[in-house]
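Listing of my_file_19.cif, mmCIF, C-alpha atoms and all ligand atoms
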```cif
data_structure
#
loop_
_atom_site.label_atom_id
_atom_site.label_comp_id
_atom_site.auth_asym_id
_atom_site.auth_seq_id
_atom_site.Cartn_x
_atom_site.Cartn_y
_atom_site.Cartn_z
CA MET A 1 -26.99 -36.08 -220.27
CA LYS A 2 -27.58 -36.65 -216.58
CA ILE A 3 -27.82 -40.09 -214.94
CA THR A 4 -28.27 -41.29 -211.38
CA LEU A 5 -25.91 -43.88 -209.99
CA THR A 6 -25.87 -45.28 -206.48
CA ILE A 7 -22.17 -45.79 -205.92
CA ASN A 8 -21.16 -47.56 -202.71
CA ASN A 9 -24.57 -46.75 -201.20
CA THR A 10 -24.39 -43.06 -202.07
CA LYS A 11 -26.79 -41.73 -204.71
CA ARG A 12 -25.09 -39.40 -207.17
CA GLU A 13 -26.33 -37.43 -210.15
CA VAL A 14 -23.64 -37.48 -212.78
CA GLU A 15 -23.27 -35.57 -216.02
CA ILE A 16 -21.99 -37.89 -218.74
CA SER A 17 -21.60 -37.97 -222.46
CA PRO A 18 -23.82 -40.60 -224.14
CA SER A 19 -20.78 -42.45 -225.48
CA GLU A 20 -18.92 -42.58 -222.15
CA PHE A 21 -18.19 -45.92 -220.53
CA LEU A 22 -18.84 -46.63 -216.86
CA LEU A 23 -15.12 -47.19 -216.22
CA ASP A 24 -14.22 -43.67 -217.35
CA VAL A 25 -17.03 -42.13 -215.32
CA LEU A 26 -15.95 -43.98 -212.15
CA ARG A 27 -12.32 -42.95 -212.61
CA ARG A 28 -13.38 -39.35 -213.30
CA LEU A 29 -15.26 -39.47 -209.97
CA ASN A 30 -12.01 -40.62 -208.26
CA TYR A 31 -12.88 -44.27 -207.65
CA SER A 32 -9.25 -45.04 -208.31
CA SER A 33 -9.49 -48.71 -207.29
CA VAL A 34 -11.22 -49.33 -210.63
CA LYS A 35 -8.34 -49.93 -213.00
CA LYS A 36 -8.07 -49.44 -216.73
CA GLY A 37 -6.18 -52.25 -218.45
CA CYS A 38 -7.06 -53.56 -221.89
CA ASP A 39 -10.17 -51.35 -222.22
CA THR A 40 -11.63 -54.03 -224.51
CA GLY A 41 -13.35 -56.41 -222.08
CA THR A 42 -10.54 -58.93 -221.84
CA CYS A 43 -8.48 -58.46 -218.65
CA GLY A 44 -10.99 -58.00 -215.82
CA VAL A 45 -9.17 -55.23 -213.94
CA CYS A 46 -12.09 -52.84 -214.42
CA THR A 47 -14.56 -55.19 -212.68
CA VAL A 48 -17.18 -53.57 -210.45
CA LEU A 49 -20.42 -54.94 -209.06
CA MET A 50 -23.65 -53.76 -210.64
CA ASP A 51 -26.62 -54.69 -208.46
CA GLY A 52 -24.27 -57.17 -206.76
CA LYS A 53 -23.10 -58.94 -209.92
CA PRO A 54 -19.61 -58.53 -211.43
CA VAL A 55 -19.50 -56.55 -214.67
CA LEU A 56 -16.69 -55.16 -216.81
CA SER A 57 -17.06 -51.41 -216.46
CA CYS A 58 -15.02 -50.77 -219.66
CA SER A 59 -17.72 -52.57 -221.63
CA ILE A 60 -20.81 -50.94 -220.16
CA LEU A 61 -22.03 -47.58 -221.32
CA ALA A 62 -22.53 -45.34 -218.31
CA ALA A 63 -25.98 -44.49 -219.65
CA SER A 64 -27.04 -48.12 -219.30
CA ALA A 65 -26.01 -48.08 -215.61
CA ASP A 66 -28.52 -45.30 -214.94
CA GLY A 67 -30.56 -46.16 -211.83
CA HIS A 68 -28.34 -49.09 -210.83
CA GLU A 69 -26.22 -49.77 -207.76
CA ILE A 70 -22.49 -49.83 -208.36
CA THR A 71 -20.00 -51.23 -205.87
CA THR A 72 -16.26 -50.70 -206.01
CA ILE A 73 -13.57 -51.83 -203.60
CA GLU A 74 -14.05 -48.54 -201.70
CA GLY A 75 -17.58 -49.73 -200.94
CA ILE A 76 -16.61 -53.05 -199.35
CA GLU A 77 -13.39 -52.14 -197.56
CA LYS A 78 -15.14 -52.03 -194.17
CA ASP A 79 -16.80 -55.42 -194.76
CA PRO A 80 -15.01 -58.21 -192.84
CA GLU A 81 -15.17 -60.36 -196.00
CA PHE A 82 -12.93 -57.84 -197.77
CA LYS A 83 -10.32 -58.27 -195.06
CA ASN A 84 -10.66 -62.06 -195.14
CA ILE A 85 -10.17 -62.20 -198.92
CA SER A 86 -7.27 -59.71 -198.85
CA ASN A 87 -5.54 -61.58 -196.02
CA ALA A 88 -5.83 -64.91 -197.84
CA LEU A 89 -4.32 -63.33 -200.98
CA LEU A 90 -1.46 -61.79 -198.99
CA GLU A 91 -0.77 -64.96 -196.99
CA GLU A 92 -0.50 -67.03 -200.18
CA GLY A 93 1.64 -64.53 -202.10
CA ALA A 94 -1.19 -63.95 -204.56
CA ASP A 95 -1.01 -60.17 -204.39
CA GLN A 96 2.16 -58.99 -206.09
CA CYS A 97 1.96 -55.76 -208.14
CA GLY A 98 -1.70 -55.56 -207.09
CA PHE A 99 -3.03 -54.27 -210.41
CA CYS A 100 -5.45 -57.16 -210.84
CA SER A 101 -6.40 -57.32 -207.15
CA PRO A 102 -9.42 -54.97 -206.99
CA GLY A 103 -11.19 -56.84 -209.80
CA LEU A 104 -10.22 -60.20 -208.37
CA ILE A 105 -11.39 -59.30 -204.85
CA LEU A 106 -14.75 -58.03 -206.11
CA ASN A 107 -15.24 -61.23 -208.09
CA VAL A 108 -14.39 -63.42 -205.09
CA TYR A 109 -16.65 -61.27 -202.90
CA ALA A 110 -19.55 -61.76 -205.35
CA MET A 111 -18.77 -65.48 -205.65
CA GLY A 112 -18.98 -65.74 -201.85
CA LYS A 113 -22.52 -64.32 -201.96
CA GLU A 114 -23.54 -66.79 -204.66
CA LEU A 115 -21.74 -70.03 -203.78
CA LYS A 116 -21.23 -71.48 -200.30
CA ASN A 117 -18.41 -73.90 -200.94
CA PRO A 118 -17.29 -73.70 -204.57
CA THR A 119 -15.28 -76.47 -206.16
CA GLU A 120 -11.94 -75.72 -207.81
CA ASP A 121 -13.63 -75.88 -211.20
CA GLU A 122 -16.34 -73.45 -210.11
CA ILE A 123 -13.68 -71.02 -208.84
CA LYS A 124 -11.77 -71.25 -212.11
CA LYS A 125 -14.94 -70.74 -214.13
CA TYR A 126 -15.96 -67.72 -212.06
CA LEU A 127 -12.55 -66.08 -212.36
CA VAL A 128 -11.79 -66.94 -215.97
CA GLY A 129 -11.82 -63.26 -216.98
CA ASN A 130 -9.40 -62.03 -214.29
CA LEU A 131 -6.01 -61.93 -215.94
CA CYS A 132 -2.88 -61.64 -213.78
CA ARG A 133 0.55 -61.03 -215.24
CA CYS A 134 2.44 -61.72 -211.98
CA THR A 135 1.30 -64.79 -210.09
CA GLY A 136 0.72 -67.57 -212.60
CA TYR A 137 -2.69 -68.06 -210.91
CA VAL A 138 -1.57 -70.91 -208.64
CA PRO A 139 -1.19 -68.74 -205.50
CA GLN A 140 -4.49 -67.03 -206.30
CA LEU A 141 -6.30 -70.32 -206.56
CA ARG A 142 -4.71 -71.50 -203.29
CA ALA A 143 -5.72 -68.26 -201.56
CA ILE A 144 -9.30 -68.38 -202.76
CA LYS A 145 -9.69 -72.03 -201.75
CA LYS A 146 -8.30 -71.14 -198.32
CA TYR A 147 -10.69 -68.20 -198.02
CA PHE A 148 -13.68 -70.45 -198.72
CA GLU A 149 -12.39 -73.19 -196.36
CA VAL A 150 -12.11 -70.71 -193.49
CA LYS A 151 -15.49 -69.18 -194.37
CA ALA A 152 -17.33 -72.54 -194.47
S1 LIG B 201 -10.07 -52.82 -218.74
FE1 LIG B 201 -12.00 -53.76 -218.78
S2 LIG B 201 -11.65 -55.84 -219.17
FE2 LIG B 201 -9.68 -54.90 -219.32
S1 LIG B 202 -0.60 -59.35 -209.03
FE1 LIG B 202 0.24 -58.20 -210.70
S2 LIG B 202 -1.25 -58.44 -212.28
FE2 LIG B 202 -1.92 -59.74 -210.70
#
```
Have the structure of the file written as structure tokens, please.
Amino acid sequence: MKITLTINNTKREVEISPSEFLLDVLRRLNYSSVKKGCDTGTCGVCTVLMDGKPVLSCSILAASADGHEITTIEGIEKDPEFKNISNALLEEGADQCGFCSPGLILNVYAMGKELKNPTEDEIKKYLVGNLCRCTGYVPQLRAIKKYFEVKA
């Protein structure tokens, strides 16, 4: 079957199988920032934005994304907010192996559109699905708080 996705502001017609998940379609189309981790909706590394909201692309059938706007890291890398989030993560040592970073950055980016000055609890709640095996979360939390302090 054929679907239409607008990926990073570019409309694309894509041939998919009805049982294919959005994650596999995006990786097949070479959006390599979208990572495959657990593949069961638990780890958050496959996060993309659908119509501006974070979703787990391993848990969404590509067919149900038909007609929607999908944003990956490749789509925000020229946005100054991407640089600001990445710099805060680097400065606080919150970006080690980097496997969780694309999903984390997209979540923080979306949070920044939704919340002006989130509390620590709001940050934790927003990021609860972003697992990281390297940092222990403390540097990430510090980096995200710093990002929002500078942004405010
Ligand atoms: S790969 Fe999608 S949540 Fe882990
Ligand atoms: S930095 Fe390695 S999984 Fe998060």
Minimum-distance residue to ligand LIG 202 (chain B), chosen among A:Val55, A:Ile16, A:Ile70, A:Ala94 (using all atoms listed in the file):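 Smallest distance to ligand LIG 202 (chain B) is found for A:Ala94.
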Could you list, as a list in words, all the residues within 6 Å of ligand LIG 201 (chain B), counting only C-alpha atoms and all ligand atoms?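 The residues near ligand LIG 201 (chain B) are Lys36, Gly37, Cys38, Asp39, Thr40, Gly41, Thr42, Cys43, Gly44, Val45, Cys46, Leu56 and Cys58 of chain A.
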Give the residue list for ligand LIG 202 (chain B) at 8 Å, counting all atoms listed in the file, as a list in words, sorted by chain and then by residue number.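 Those residues are Ala94, Asp95, Gln96, Cys97, Gly98, Phe99, Cys100, Ser101, Leu131, Cys132, Arg133, Cys134 and Thr135 of chain A.
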Step by step: start from the point (-3.4, -71.7, -204.0) in the file's coordinates, keep every protein, DNA or RNA residue that has an atom no farther than 10 Å from it, count only C-alpha atoms, and write the set as an mmCIF file with C-alpha atoms, in the frame of the given file.
```cif
data_model
loop_
_atom_site.group_PDB
_atom_site.id
_atom_site.type_symbol
_atom_site.label_atom_id
_atom_site.label_comp_id
_atom_site.auth_asym_id
_atom_site.auth_seq_id
_atom_site.Cartn_x
_atom_site.Cartn_y
_atom_site.Cartn_z
ATOM 1 C CA ALA A 88 -5.830 -64.910 -197.840
ATOM 2 C CA LEU A 89 -4.320 -63.330 -200.980
ATOM 3 C CA GLU A 92 -0.500 -67.030 -200.180
ATOM 4 C CA GLY A 93 1.640 -64.530 -202.100
ATOM 5 C CA ALA A 94 -1.190 -63.950 -204.560
ATOM 6 C CA TYR A 137 -2.690 -68.060 -210.910
ATOM 7 C CA VAL A 138 -1.570 -70.910 -208.640
ATOM 8 C CA PRO A 139 -1.190 -68.740 -205.500
ATOM 9 C CA GLN A 140 -4.490 -67.030 -206.300
ATOM 10 C CA LEU A 141 -6.300 -70.320 -206.560
ATOM 11 C CA ARG A 142 -4.710 -71.500 -203.290
ATOM 12 C CA ALA A 143 -5.720 -68.260 -201.560
ATOM 13 C CA ILE A 144 -9.300 -68.380 -202.760
ATOM 14 C CA LYS A 145 -9.690 -72.030 -201.750
ATOM 15 C CA LYS A 146 -8.300 -71.140 -198.320
#
```
9 Å contact set for region 116-122 of chain A, all atoms listed in the file, chain neighbours under 2 positions out, as a list in words: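 After dropping sequence-adjacent residues, the list is Met111, Gly112, Lys113, Glu114, Lys124, Lys125, Tyr126, Leu127, Leu141, Lys145, Phe148, Glu149, Lys151 and Ala152 of chain A.
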Would you export the selected residues with C-alpha atoms as a PDB file, in the coordinates of the input, please?
```pdb
ATOM      1  CA  MET A 111     -18.770 -65.480-205.650  1.00  0.00           C
ATOM      2  CA  GLY A 112     -18.980 -65.740-201.850  1.00  0.00           C
ATOM      3  CA  LYS A 113     -22.520 -64.320-201.960  1.00  0.00           C
ATOM      4  CA  GLU A 114     -23.540 -66.790-204.660  1.00  0.00           C
ATOM      5  CA  LYS A 124     -11.770 -71.250-212.110  1.00  0.00           C
ATOM      6  CA  LYS A 125     -14.940 -70.740-214.130  1.00  0.00           C
ATOM      7  CA  TYR A 126     -15.960 -67.720-212.060  1.00  0.00           C
ATOM      8  CA  LEU A 127     -12.550 -66.080-212.360  1.00  0.00           C
ATOM      9  CA  LEU A 141      -6.300 -70.320-206.560  1.00  0.00           C
ATOM     10  CA  LYS A 145      -9.690 -72.030-201.750  1.00  0.00           C
ATOM     11  CA  PHE A 148     -13.680 -70.450-198.720  1.00  0.00           C
ATOM     12  CA  GLU A 149     -12.390 -73.190-196.360  1.00  0.00           C
ATOM     13  CA  LYS A 151     -15.490 -69.180-194.370  1.00  0.00           C
ATOM     14  CA  ALA A 152     -17.330 -72.540-194.470  1.00  0.00           C
TER      15      ALA A 152
END
```
Go through A:Arg27, A:Lys35, A:Lys83, A:Lys2 one by one, measure the shortest atom-to-atom distance of each to Tyr109 (chain A) using all atoms listed in the file, and give the residue with the smallest value. A:Lys83
